[in-house]
>>> print(open('coords_39.cif').read())   # mmCIF, C-alpha atoms and all ligand atoms
data_coords
loop_
_atom_site.group_PDB
_atom_site.id
_atom_site.type_symbol
_atom_site.label_atom_id
_atom_site.label_comp_id
_atom_site.auth_asym_id
_atom_site.auth_seq_id
_atom_site.Cartn_x
_atom_site.Cartn_y
_atom_site.Cartn_z
ATOM 1 C CA MET F 76 -31.192 3.526 13.085
ATOM 2 C CA THR F 77 -30.983 6.945 11.419
ATOM 3 C CA ASP F 78 -32.500 7.177 7.996
ATOM 4 C CA PHE F 79 -29.531 7.770 5.722
ATOM 5 C CA ARG F 80 -31.704 9.421 3.082
ATOM 6 C CA ASN F 81 -32.460 12.321 5.420
ATOM 7 C CA ALA F 82 -29.056 12.525 7.075
ATOM 8 C CA ARG F 83 -26.689 15.411 6.478
ATOM 9 C CA ILE F 84 -23.957 14.392 4.042
ATOM 10 C CA ASP F 85 -20.484 15.901 4.469
ATOM 11 C CA LEU F 86 -18.901 14.413 1.373
ATOM 12 C CA SER F 87 -20.271 13.062 -1.907
ATOM 13 C CA VAL F 88 -17.866 11.389 -4.297
ATOM 14 C CA VAL F 89 -19.198 11.410 -7.850
ATOM 15 C CA VAL F 90 -17.930 8.708 -10.237
ATOM 16 C CA PRO F 91 -18.838 8.698 -13.954
ATOM 17 C CA VAL F 92 -19.050 5.207 -15.448
ATOM 18 C CA PHE F 93 -19.066 4.089 -19.044
ATOM 19 C CA ASN F 94 -18.181 0.440 -19.589
ATOM 20 C CA GLU F 95 -15.951 -0.033 -16.555
ATOM 21 C CA GLU F 96 -17.034 -3.538 -15.515
ATOM 22 C CA GLY F 97 -13.464 -4.594 -14.722
ATOM 23 C CA SER F 98 -12.755 -1.747 -12.288
ATOM 24 C CA LEU F 99 -15.902 -1.108 -10.269
ATOM 25 C CA ARG F 100 -15.553 -3.579 -7.399
ATOM 26 C CA GLU F 101 -11.883 -2.767 -6.926
ATOM 27 C CA LEU F 102 -12.682 0.934 -6.989
ATOM 28 C CA VAL F 103 -15.329 0.665 -4.288
ATOM 29 C CA ALA F 104 -12.962 -1.452 -2.166
ATOM 30 C CA GLU F 105 -10.329 1.314 -2.423
ATOM 31 C CA LEU F 106 -12.588 4.342 -2.292
ATOM 32 C CA GLU F 107 -14.988 3.528 0.497
ATOM 33 C CA PRO F 108 -12.476 3.219 3.370
ATOM 34 C CA VAL F 109 -10.900 6.510 2.277
ATOM 35 C CA ALA F 110 -14.278 8.290 2.187
ATOM 36 C CA ARG F 111 -15.119 6.817 5.602
ATOM 37 C CA SER F 112 -11.799 8.013 7.010
ATOM 38 C CA ILE F 113 -12.772 11.567 6.000
ATOM 39 C CA THR F 114 -16.269 11.445 7.477
ATOM 40 C CA SER F 115 -18.846 8.882 8.516
ATOM 41 C CA GLU F 116 -21.439 10.933 6.617
ATOM 42 C CA TYR F 117 -20.379 10.235 3.049
ATOM 43 C CA GLU F 118 -22.071 8.941 -0.085
ATOM 44 C CA LEU F 119 -20.614 7.456 -3.258
ATOM 45 C CA VAL F 120 -22.594 8.613 -6.297
ATOM 46 C CA PHE F 121 -22.123 6.490 -9.414
ATOM 47 C CA VAL F 122 -23.496 7.771 -12.695
ATOM 48 C CA ASN F 123 -23.853 5.009 -15.247
ATOM 49 C CA ASP F 124 -23.581 6.813 -18.558
ATOM 50 C CA GLY F 125 -25.350 4.219 -20.719
ATOM 51 C CA SER F 126 -22.842 1.402 -20.257
ATOM 52 C CA THR F 127 -23.329 -1.580 -22.538
ATOM 53 C CA ASP F 128 -21.176 -4.036 -20.581
ATOM 54 C CA ALA F 129 -21.889 -5.539 -17.153
ATOM 55 C CA SER F 130 -21.382 -2.193 -15.313
ATOM 56 C CA ALA F 131 -25.130 -1.712 -14.677
ATOM 57 C CA ARG F 132 -25.501 -5.133 -13.093
ATOM 58 C CA ILE F 133 -22.360 -4.750 -10.999
ATOM 59 C CA LEU F 134 -23.444 -1.309 -9.776
ATOM 60 C CA ASP F 135 -26.855 -2.708 -8.815
ATOM 61 C CA GLU F 136 -25.172 -5.468 -6.852
ATOM 62 C CA ILE F 137 -22.776 -3.091 -5.134
ATOM 63 C CA ALA F 138 -25.549 -0.651 -4.212
ATOM 64 C CA HIS F 139 -27.981 -3.348 -3.142
ATOM 65 C CA ASP F 140 -26.491 -3.945 0.270
ATOM 66 C CA ASN F 141 -24.720 -0.651 0.752
ATOM 67 C CA PRO F 142 -26.907 2.335 1.665
ATOM 68 C CA ARG F 143 -23.971 4.706 1.187
ATOM 69 C CA ILE F 144 -23.896 3.989 -2.553
ATOM 70 C CA VAL F 145 -26.297 5.726 -4.884
ATOM 71 C CA VAL F 146 -26.505 4.879 -8.590
ATOM 72 C CA PHE F 147 -28.036 7.036 -11.295
ATOM 73 C CA ARG F 148 -28.442 5.685 -14.779
ATOM 74 C CA LEU F 149 -28.645 7.967 -17.790
ATOM 75 C CA ASP F 150 -31.056 6.939 -20.537
ATOM 76 C CA ARG F 151 -28.157 6.306 -22.927
ATOM 77 C CA ASN F 152 -24.509 7.247 -23.336
ATOM 78 C CA HIS F 153 -24.249 11.059 -23.282
ATOM 79 C CA GLY F 154 -20.554 11.610 -22.584
ATOM 80 C CA LEU F 155 -18.517 12.554 -19.547
ATOM 81 C CA SER F 156 -19.817 16.131 -19.219
ATOM 82 C CA SER F 157 -23.391 14.923 -18.901
ATOM 83 C CA ALA F 158 -22.489 12.136 -16.490
ATOM 84 C CA LEU F 159 -20.626 14.539 -14.192
ATOM 85 C CA HIS F 160 -23.294 17.191 -14.456
ATOM 86 C CA ALA F 161 -25.996 14.700 -13.480
ATOM 87 C CA GLY F 162 -23.907 13.469 -10.550
ATOM 88 C CA PHE F 163 -23.003 16.920 -9.207
ATOM 89 C CA LEU F 164 -26.608 18.028 -9.405
ATOM 90 C CA ARG F 165 -27.798 15.047 -7.389
ATOM 91 C CA ALA F 166 -24.934 14.961 -4.908
ATOM 92 C CA ARG F 167 -26.068 15.921 -1.414
ATOM 93 C CA GLY F 168 -22.724 16.601 0.219
ATOM 94 C CA THR F 169 -21.474 19.880 1.651
ATOM 95 C CA LEU F 170 -18.318 18.907 -0.222
ATOM 96 C CA ILE F 171 -18.392 17.243 -3.615
ATOM 97 C CA GLY F 172 -15.449 15.213 -4.845
ATOM 98 C CA THR F 173 -15.001 13.397 -8.115
ATOM 99 C CA LEU F 174 -12.670 10.896 -9.711
ATOM 100 C CA ASP F 175 -12.730 8.521 -12.680
ATOM 101 C CA ALA F 176 -14.033 4.975 -12.402
ATOM 102 C CA ASP F 177 -11.031 3.362 -14.098
ATOM 103 C CA LEU F 178 -8.675 3.374 -11.062
ATOM 104 C CA GLN F 179 -6.284 5.775 -12.806
ATOM 105 C CA ASN F 180 -6.860 8.245 -9.961
ATOM 106 C CA ASP F 181 -5.788 7.119 -6.503
ATOM 107 C CA PRO F 182 -8.530 7.503 -3.860
ATOM 108 C CA ALA F 183 -5.773 7.823 -1.246
ATOM 109 C CA ASP F 184 -5.244 11.392 -2.492
ATOM 110 C CA LEU F 185 -8.761 12.515 -1.552
ATOM 111 C CA PRO F 186 -8.019 13.497 2.072
ATOM 112 C CA ARG F 187 -5.354 15.957 0.935
ATOM 113 C CA LEU F 188 -7.787 17.635 -1.440
ATOM 114 C CA VAL F 189 -10.394 17.837 1.324
ATOM 115 C CA GLN F 190 -7.740 19.292 3.638
ATOM 116 C CA ALA F 191 -7.030 22.029 1.084
ATOM 117 C CA ILE F 192 -10.692 23.031 1.246
ATOM 118 C CA HIS F 193 -10.555 23.147 5.033
ATOM 119 C CA GLU F 194 -7.527 25.422 4.662
ATOM 120 C CA GLY F 195 -9.505 27.951 2.644
ATOM 121 C CA ALA F 196 -9.794 26.813 -0.979
ATOM 122 C CA ASP F 197 -13.172 26.549 -2.700
ATOM 123 C CA MET F 198 -11.944 23.959 -5.196
ATOM 124 C CA ALA F 199 -8.945 21.636 -4.955
ATOM 125 C CA CYS F 200 -7.892 20.286 -8.285
ATOM 126 C CA GLY F 201 -5.556 17.324 -8.786
ATOM 127 C CA TRP F 202 -2.320 17.798 -10.701
ATOM 128 C CA ARG F 203 -1.015 14.609 -12.344
ATOM 129 C CA ARG F 204 2.671 15.468 -12.343
ATOM 130 C CA ASP F 205 3.642 11.993 -13.472
ATOM 131 C CA ARG F 206 0.911 10.805 -15.810
ATOM 132 C CA LYS F 207 0.731 7.121 -16.631
ATOM 133 C CA ASP F 208 -0.948 7.458 -20.020
ATOM 134 C CA PRO F 209 0.422 6.495 -23.449
ATOM 135 C CA PHE F 210 2.867 8.993 -24.958
ATOM 136 C CA VAL F 211 0.455 10.348 -27.591
ATOM 137 C CA LYS F 212 -2.139 11.090 -24.949
ATOM 138 C CA ARG F 213 0.339 12.778 -22.629
ATOM 139 C CA ALA F 214 1.782 14.893 -25.429
ATOM 140 C CA SER F 215 -1.601 15.924 -26.859
ATOM 141 C CA SER F 216 -2.887 16.732 -23.411
ATOM 142 C CA LYS F 217 0.157 18.897 -22.657
ATOM 143 C CA ILE F 218 -0.341 20.869 -25.848
ATOM 144 C CA ALA F 219 -4.088 21.196 -25.204
ATOM 145 C CA ASN F 220 -3.462 22.416 -21.648
ATOM 146 C CA TRP F 221 -0.939 24.978 -22.803
ATOM 147 C CA TRP F 222 -3.217 26.224 -25.553
ATOM 148 C CA ARG F 223 -6.301 26.335 -23.310
ATOM 149 C CA ASN F 224 -4.402 28.234 -20.646
ATOM 150 C CA ARG F 225 -3.061 30.715 -23.157
ATOM 151 C CA ARG F 226 -6.454 31.359 -24.695
ATOM 152 C CA THR F 227 -8.364 31.563 -21.442
ATOM 153 C CA ASP F 228 -5.712 33.445 -19.499
ATOM 154 C CA SER F 229 -5.473 30.647 -16.977
ATOM 155 C CA ALA F 230 -2.475 29.118 -15.209
ATOM 156 C CA ILE F 231 -3.735 25.737 -14.083
ATOM 157 C CA HIS F 232 -1.264 22.953 -14.877
ATOM 158 C CA ASP F 233 -3.713 20.092 -15.234
ATOM 159 C CA VAL F 234 -7.126 21.620 -15.785
ATOM 160 C CA THR F 235 -8.600 18.294 -16.983
ATOM 161 C CA CYS F 236 -7.443 16.198 -14.026
ATOM 162 C CA PRO F 237 -10.523 14.138 -13.122
ATOM 163 C CA MET F 238 -9.800 14.282 -9.412
ATOM 164 C CA LYS F 239 -11.287 17.285 -7.682
ATOM 165 C CA VAL F 240 -12.978 18.315 -4.464
ATOM 166 C CA MET F 241 -15.102 21.428 -4.207
ATOM 167 C CA LYS F 242 -17.524 23.188 -1.957
ATOM 168 C CA ARG F 243 -21.059 22.429 -2.950
ATOM 169 C CA GLU F 244 -21.796 25.945 -4.225
ATOM 170 C CA VAL F 245 -18.975 25.708 -6.786
ATOM 171 C CA ARG F 246 -20.992 23.223 -8.828
ATOM 172 C CA ASP F 247 -23.157 26.165 -9.961
ATOM 173 C CA VAL F 248 -20.399 27.125 -12.425
ATOM 174 C CA PHE F 249 -20.985 23.873 -14.332
ATOM 175 C CA TYR F 250 -23.478 25.038 -16.930
ATOM 176 C CA PRO F 251 -25.229 22.198 -18.780
ATOM 177 C CA PHE F 252 -23.116 22.175 -21.925
ATOM 178 C CA HIS F 253 -20.973 19.437 -23.408
ATOM 179 C CA GLY F 254 -17.257 19.906 -22.911
ATOM 180 C CA LEU F 255 -17.426 22.199 -19.890
ATOM 181 C CA HIS F 256 -16.101 19.497 -17.557
ATOM 182 C CA ARG F 257 -12.698 20.341 -19.077
ATOM 183 C CA PHE F 258 -12.908 23.919 -17.836
ATOM 184 C CA LEU F 259 -14.326 23.611 -14.337
ATOM 185 C CA PRO F 260 -11.322 25.163 -12.548
ATOM 186 C CA THR F 261 -11.292 28.038 -15.048
ATOM 187 C CA LEU F 262 -15.040 28.574 -14.661
ATOM 188 C CA ALA F 263 -14.685 28.435 -10.880
ATOM 189 C CA GLN F 264 -11.978 31.095 -10.943
ATOM 190 C CA MET F 265 -14.087 33.255 -13.225
ATOM 191 C CA ALA F 266 -16.848 33.141 -10.636
ATOM 192 C CA GLY F 267 -14.418 34.335 -7.948
ATOM 193 C CA HIS F 268 -13.777 30.985 -6.279
ATOM 194 C CA ARG F 269 -10.335 30.150 -4.941
ATOM 195 C CA VAL F 270 -8.803 27.200 -6.795
ATOM 196 C CA VAL F 271 -5.674 25.362 -5.627
ATOM 197 C CA GLU F 272 -3.753 22.527 -7.263
ATOM 198 C CA ILE F 273 -2.623 19.486 -5.333
ATOM 199 C CA PRO F 274 -0.136 17.000 -6.872
ATOM 200 C CA VAL F 275 -1.784 13.576 -7.096
ATOM 201 C CA ASN F 276 -0.786 10.050 -7.961
ATOM 202 C CA HIS F 277 -1.727 8.670 -11.384
ATOM 203 C CA ARG F 278 -1.853 5.040 -12.458
ATOM 204 C CA ALA F 279 -2.033 3.207 -15.748
ATOM 205 C CA ARG F 280 -5.408 1.870 -16.829
ATOM 206 C CA LYS F 281 -5.625 -1.718 -15.581
ATOM 207 C CA HIS F 282 -8.987 -2.805 -17.010
ATOM 208 C CA GLY F 283 -11.017 -1.790 -20.058
ATOM 209 C CA THR F 284 -10.105 0.853 -22.598
ATOM 210 C CA SER F 285 -9.912 4.635 -22.746
ATOM 211 C CA LYS F 286 -12.907 6.349 -24.345
ATOM 212 C CA TYR F 287 -11.045 9.513 -25.227
ATOM 213 C CA GLY F 288 -8.274 9.772 -27.787
ATOM 214 C CA VAL F 289 -6.768 12.696 -29.651
ATOM 215 C CA TRP F 290 -9.318 13.000 -32.434
ATOM 216 C CA ASN F 291 -12.483 13.011 -30.389
ATOM 217 C CA ARG F 292 -11.088 15.805 -28.218
ATOM 218 C CA VAL F 293 -9.189 18.204 -30.397
ATOM 219 C CA PHE F 294 -11.852 19.872 -32.561
ATOM 220 C CA ARG F 295 -14.456 20.039 -29.849
ATOM 221 C CA GLY F 296 -11.779 21.413 -27.562
ATOM 222 C CA ILE F 297 -11.082 24.289 -29.924
ATOM 223 C CA ARG F 298 -14.769 25.143 -30.165
ATOM 224 C CA ASP F 299 -15.179 24.947 -26.408
ATOM 225 C CA VAL F 300 -12.275 27.320 -25.782
ATOM 226 C CA ARG F 301 -14.106 29.878 -27.890
ATOM 227 C CA ALA F 302 -17.146 29.507 -25.666
ATOM 228 C CA ILE F 303 -15.056 30.137 -22.561
ATOM 229 C CA GLN F 304 -13.467 33.184 -24.180
ATOM 230 C CA TRP F 305 -16.921 34.497 -24.996
ATOM 231 C CA MET F 306 -17.997 34.017 -21.397
ATOM 232 C CA GLN F 307 -14.904 35.806 -20.124
ATOM 233 C CA ASP F 308 -15.540 38.628 -22.518
ATOM 234 C CA ARG F 309 -19.232 39.000 -21.748
ATOM 235 C CA ARG F 310 -19.204 38.221 -18.046
ATOM 236 C CA MET F 311 -21.301 40.507 -15.827
ATOM 237 C CA THR F 312 -19.255 42.094 -13.083
ATOM 238 C CA TYR F 313 -21.711 44.472 -11.413
ATOM 239 C CA ARG F 314 -21.971 44.925 -7.669
ATOM 240 C CA VAL F 315 -25.038 46.182 -5.843
ATOM 241 C CA ASP F 316 -23.536 48.803 -3.532
ATOM 242 C CA ARG F 317 -26.628 50.467 -2.170
ATOM 243 C CA VAL F 318 -30.019 49.179 -1.220
ATOM 244 C CA VAL F 319 -32.921 51.491 -0.515
ATOM 245 C CA ALA F 320 -35.784 49.573 0.998
ATOM 246 C CA PRO F 321 -38.969 50.763 2.649
ATOM 247 C CA ALA F 322 -38.456 51.307 6.377
ATOM 248 C CA GLU F 323 -39.989 48.847 8.817
ATOM 249 C CA PRO F 324 -43.493 50.069 9.674
ATOM 250 C CA ARG F 325 -43.548 51.816 13.079
ATOM 251 C CA ARG F 326 -45.632 50.289 15.794
HETATM 252 N N1 LIG N 1 -16.898 8.134 -19.181
HETATM 253 C C1 LIG N 1 -18.266 8.427 -19.157
HETATM 254 N N2 LIG N 1 -18.923 8.608 -20.344
HETATM 255 C C2 LIG N 1 -18.287 8.534 -21.559
HETATM 256 C C3 LIG N 1 -16.890 8.297 -21.560
HETATM 257 C C4 LIG N 1 -16.231 8.103 -20.359
HETATM 258 O O1 LIG N 1 -18.867 8.486 -18.090
HETATM 259 O O2 LIG N 1 -18.951 8.694 -22.591
HETATM 260 C C5 LIG N 1 -16.187 7.933 -17.913
HETATM 261 C C6 LIG N 1 -15.277 6.714 -17.855
HETATM 262 O O3 LIG N 1 -15.962 5.553 -17.445
HETATM 263 C C7 LIG N 1 -14.224 7.167 -16.852
HETATM 264 C C8 LIG N 1 -14.095 8.660 -17.128
HETATM 265 O O4 LIG N 1 -15.318 9.027 -17.773
HETATM 266 O O5 LIG N 1 -14.656 6.986 -15.523
HETATM 267 C C9 LIG N 1 -12.904 9.006 -18.037
HETATM 268 O O6 LIG N 1 -12.920 8.215 -19.207
HETATM 269 P P1 LIG N 1 -11.593 7.528 -19.777
HETATM 270 O O7 LIG N 1 -10.838 6.901 -18.677
HETATM 271 O O8 LIG N 1 -11.994 6.639 -20.902
HETATM 272 O O9 LIG N 1 -10.801 8.787 -20.325
HETATM 273 P P2 LIG N 1 -9.227 9.038 -20.235
HETATM 274 O O10 LIG N 1 -8.818 8.932 -18.798
HETATM 275 O O11 LIG N 1 -8.584 7.964 -21.074
HETATM 276 O O12 LIG N 1 -9.073 10.417 -20.816
HETATM 277 MG MG MG N 2 -8.967 7.158 -17.667
#
>>> encode(input="coords_39.cif", output="structure tokens", more="lines below")
Ligand code: UDP
Ligand code: MG
Amino acid sequence: MTDFRNARIDLSVVVPVFNEEGSLRELVAELEPVARSITSEYELVFVNDGSTDASARILDEIAHDNPRIVVFRLDRNHGLSSALHAGFLRARGTLIGTLDADLQNDPADLPRLVQAIHEGADMACGWRRDRKDPFVKRASSKIANWWRNRRTDSAIHDVTCPMKVMKREVRDVFYPFHGLHRFLPTLAQMAGHRVVEIPVNHRARKHGTSKYGVWNRVFRGIRDVRAIQWMQDRRMTYRVDRVVAPAEPRR
């Protein structure tokens, strides 16, 4: 039997988890066949972001008899940016995908995002055209998207859609700062990567509760946009167009 730990991985799917005990088993049952249909060399990377419910125990049980599942546990709850950052950094796949743990994203959409990468994109970003979130969330998110796009000169419809697939090297644009998970497509474009949007299915939360409302996003969001503007303003754009190196010594 090949040792999975040393095998080449084509696709890692990173899932951030904070108190999602009701969704985890169902998610794995939906996600794993889809990942396997894309490649036999896949891994599912769960990052337990300091859950206080039964998520840790359930993840241990799920991973115990499934070598394709890897679980990382953060020392305490650090927020979604940290959970994703930790997962992307540890993912071994040539392609890295991500989606939320709460079943709001539909794993069945993953193959289309992977296909977009095979067709030439560096990052494929989901676009929830028909969001199944409460009205206040949908409205605030629409305004935030519009404002973010305006301020960062971006044209991505759903920049915060949790479902994405990217080439491994694109993760380098995720600097270790809180809030940057909301700007990954913008950061990727800034670095010269090709980003495409793919319409994806969205479902209402079935189990547990949302951790993000209007008030814990809006002020941080404004501050974070300023950081992105600063980066855009101060970005280095040099090219090395000539190299003079010592000639190879003659024999
Ligand atoms: N999450 C996390 N750490 C947190 C908050 C949330 O890892 O501190 C995870 C959560 O388990 C889910 C994803 O991030 O998989 C998105 O969270 P949520 O569904 O609550 O946000 P919403 O979709 O309502 O914006
Ligand atoms: Mg959610």
>>> residues_near_ligand(input="coords_39.cif", ligand="ligand MG 2 (chain N)", cutoff="8 Å", atoms="only C-alpha atoms and all ligand atoms", output="list in words")
Asp175, Ala176, Asp177, Leu178, Gln179, Arg280, Ser285 and Lys286 of chain F
>>> residues_around(input="coords_39.cif", residues="F:Arg143", least_positions_apart="6", cutoff="10 Å", atoms="only C-alpha atoms", output="PyMOL selection string")
chain F and resi 79-80+87+107+115-120
>>> closest_residue(input="coords_39.cif", among="F:Thr284, F:Gln307, F:Thr227, F:Asn141", to="ligand LIG 1 (chain N)", atoms="only C-alpha atoms and all ligand atoms")
F:Thr284
>>> closest_atom_pairs(input="coords_39.cif", of="chain F", to="ligand LIG 1 (chain N)", cutoff="7 Å", atoms="only C-alpha atoms and all ligand atoms", output="Markdown table")
| residue | atom | partner | partner_atom | distance |
| --- | --- | --- | --- | --- |
| F:Val90 | CA | N:LIG1 | O5 | 6.5 |
| F:Pro91 | CA | N:LIG1 | O1 | 4.1 |
| F:Val92 | CA | N:LIG1 | O3 | 3.7 |
| F:Phe93 | CA | N:LIG1 | O3 | 3.8 |
| F:Asn94 | CA | N:LIG1 | O3 | 6.0 |
| F:Glu95 | CA | N:LIG1 | O3 | 5.7 |
| F:Asn123 | CA | N:LIG1 | O1 | 6.7 |
| F:Asp124 | CA | N:LIG1 | O1 | 5.0 |
| F:Asn152 | CA | N:LIG1 | O2 | 5.8 |
| F:His153 | CA | N:LIG1 | O2 | 5.8 |
| F:Gly154 | CA | N:LIG1 | O2 | 3.3 |
| F:Leu155 | CA | N:LIG1 | N2 | 4.0 |
| F:Ala158 | CA | N:LIG1 | O1 | 5.4 |
| F:Asp175 | CA | N:LIG1 | O5 | 3.8 |
| F:Ala176 | CA | N:LIG1 | O5 | 3.8 |
| F:Asp177 | CA | N:LIG1 | O5 | 5.3 |
| F:Thr284 | CA | N:LIG1 | O8 | 6.3 |
| F:Ser285 | CA | N:LIG1 | O8 | 3.4 |
| F:Lys286 | CA | N:LIG1 | O8 | 3.6 |
| F:Tyr287 | CA | N:LIG1 | O12 | 4.9 |
| F:Gly288 | CA | N:LIG1 | O11 | 7.0 |
>>> write_last_selection(input="coords_39.cif", atoms="C-alpha atoms", output="PDB file, keeping the file's coordinate frame")
ATOM      1  CA  VAL F  90     -17.930   8.708 -10.237  1.00  0.00           C
ATOM      2  CA  PRO F  91     -18.838   8.698 -13.954  1.00  0.00           C
ATOM      3  CA  VAL F  92     -19.050   5.207 -15.448  1.00  0.00           C
ATOM      4  CA  PHE F  93     -19.066   4.089 -19.044  1.00  0.00           C
ATOM      5  CA  ASN F  94     -18.181   0.440 -19.589  1.00  0.00           C
ATOM      6  CA  GLU F  95     -15.951  -0.033 -16.555  1.00  0.00           C
ATOM      7  CA  ASN F 123     -23.853   5.009 -15.247  1.00  0.00           C
ATOM      8  CA  ASP F 124     -23.581   6.813 -18.558  1.00  0.00           C
ATOM      9  CA  ASN F 152     -24.509   7.247 -23.336  1.00  0.00           C
ATOM     10  CA  HIS F 153     -24.249  11.059 -23.282  1.00  0.00           C
ATOM     11  CA  GLY F 154     -20.554  11.610 -22.584  1.00  0.00           C
ATOM     12  CA  LEU F 155     -18.517  12.554 -19.547  1.00  0.00           C
ATOM     13  CA  ALA F 158     -22.489  12.136 -16.490  1.00  0.00           C
ATOM     14  CA  ASP F 175     -12.730   8.521 -12.680  1.00  0.00           C
ATOM     15  CA  ALA F 176     -14.033   4.975 -12.402  1.00  0.00           C
ATOM     16  CA  ASP F 177     -11.031   3.362 -14.098  1.00  0.00           C
ATOM     17  CA  THR F 284     -10.105   0.853 -22.598  1.00  0.00           C
ATOM     18  CA  SER F 285      -9.912   4.635 -22.746  1.00  0.00           C
ATOM     19  CA  LYS F 286     -12.907   6.349 -24.345  1.00  0.00           C
ATOM     20  CA  TYR F 287     -11.045   9.513 -25.227  1.00  0.00           C
ATOM     21  CA  GLY F 288      -8.274   9.772 -27.787  1.00  0.00           C
TER      22      GLY F 288
END
>>> resolve_selection(input="coords_39.cif", expression="the PyMOL selection byres (((chain F and resi 239-254) around 7) and not hetatm)", output="list in words")
Ser156, Ser157, His160, Phe163, Gly168, Thr169, Leu170, Ile171, Gly172, Thr173, Leu174, Leu188, Val189, Asp197, Met198, Ala199, Cys200, Gly201, Pro237, Met238, Leu255, His256, Arg257, Leu259, Leu262, Ala263 and Asp299 of chain F
>>> atom_distance(input="coords_39.cif", atom1="atom CA of F:Ala183", atom2="atom CA of F:Arg132")
26.4 Å
>>> atom_distance(input="coords_39.cif", atom1="atom CA of F:Ala279", atom2="atom CA of F:Leu86")
26.5 Å
>>> atom_distance(input="coords_39.cif", atom1="atom CA of F:Arg223", atom2="atom CA of F:Lys207")
21.5 Å
>>> resolve_selection(input="coords_39.cif", expression="the PyMOL selection byres (((chain F and resi 134) around 9) and not hetatm)", output="ChimeraX atom specification")
/F:96,99-100,121,123,129-133,135-139,144,146
>>> resolve_selection(input="coords_39.cif", expression="the PyMOL selection byres (((chain F and resi 275-277) around 8) and not hetatm)", output="count of residues only")
15
>>> axis_aligned_box(input="coords_39.cif", around="stretch 229-237 of chain F", padding_each_side="5 Å", output="AutoDock Vina command-line options")
--center_x -5.9 --center_y 22.4 --center_z -15.1 --size_x 19.3 --size_y 26.5 --size_z 13.9
>>> residues_near_point(input="coords_39.cif", point="(-2.2, 15.9, -21.5)", cutoff="10 Å", atoms="all atoms listed in the file", output="ChimeraX atom specification")
/F:203,206,208-221,232-236,289
>>> closest_residue(input="coords_39.cif", among="F:Val271, F:Met311, F:Ala82, F:Val318", to="F:Pro142", atoms="all atoms listed in the file")
F:Ala82
>>> decode(input="coords_39.cif", residues="stretch 132-159 of chain F", atoms="C-alpha atoms", output="CSV table (one decimal), in the first residue's frame")
chain,number,residue,atom,x,y,z
F,132,ARG,CA,-14.6,14.9,18.9
F,133,ILE,CA,-16.5,14.4,15.7
F,134,LEU,CA,-13.5,15.4,13.6
F,135,ASP,CA,-11.3,13.0,15.5
F,136,GLU,CA,-13.8,10.2,14.8
F,137,ILE,CA,-14.1,11.1,11.1
F,138,ALA,CA,-10.4,11.3,10.7
F,139,HIS,CA,-9.6,8.2,12.7
F,140,ASP,CA,-10.5,5.7,10.0
F,141,ASN,CA,-10.0,7.9,7.0
F,142,PRO,CA,-6.4,8.6,5.9
F,143,ARG,CA,-7.6,11.2,3.4
F,144,ILE,CA,-8.8,13.5,6.2
F,145,VAL,CA,-6.4,15.7,8.1
F,146,VAL,CA,-7.4,17.8,11.1
F,147,PHE,CA,-5.6,20.7,12.5
F,148,ARG,CA,-6.7,22.3,15.7
F,149,LEU,CA,-5.9,25.9,16.6
F,150,ASP,CA,-5.0,26.6,20.2
F,151,ARG,CA,-8.2,28.7,20.6
F,152,ASN,CA,-10.8,30.5,18.4
F,153,HIS,CA,-8.9,33.0,16.2
F,154,GLY,CA,-11.4,33.7,13.5
F,155,LEU,CA,-12.0,32.6,9.9
F,156,SER,CA,-8.9,34.4,8.5
F,157,SER,CA,-6.6,32.5,10.8
F,158,ALA,CA,-8.4,29.2,10.2
F,159,LEU,CA,-8.1,29.5,6.4
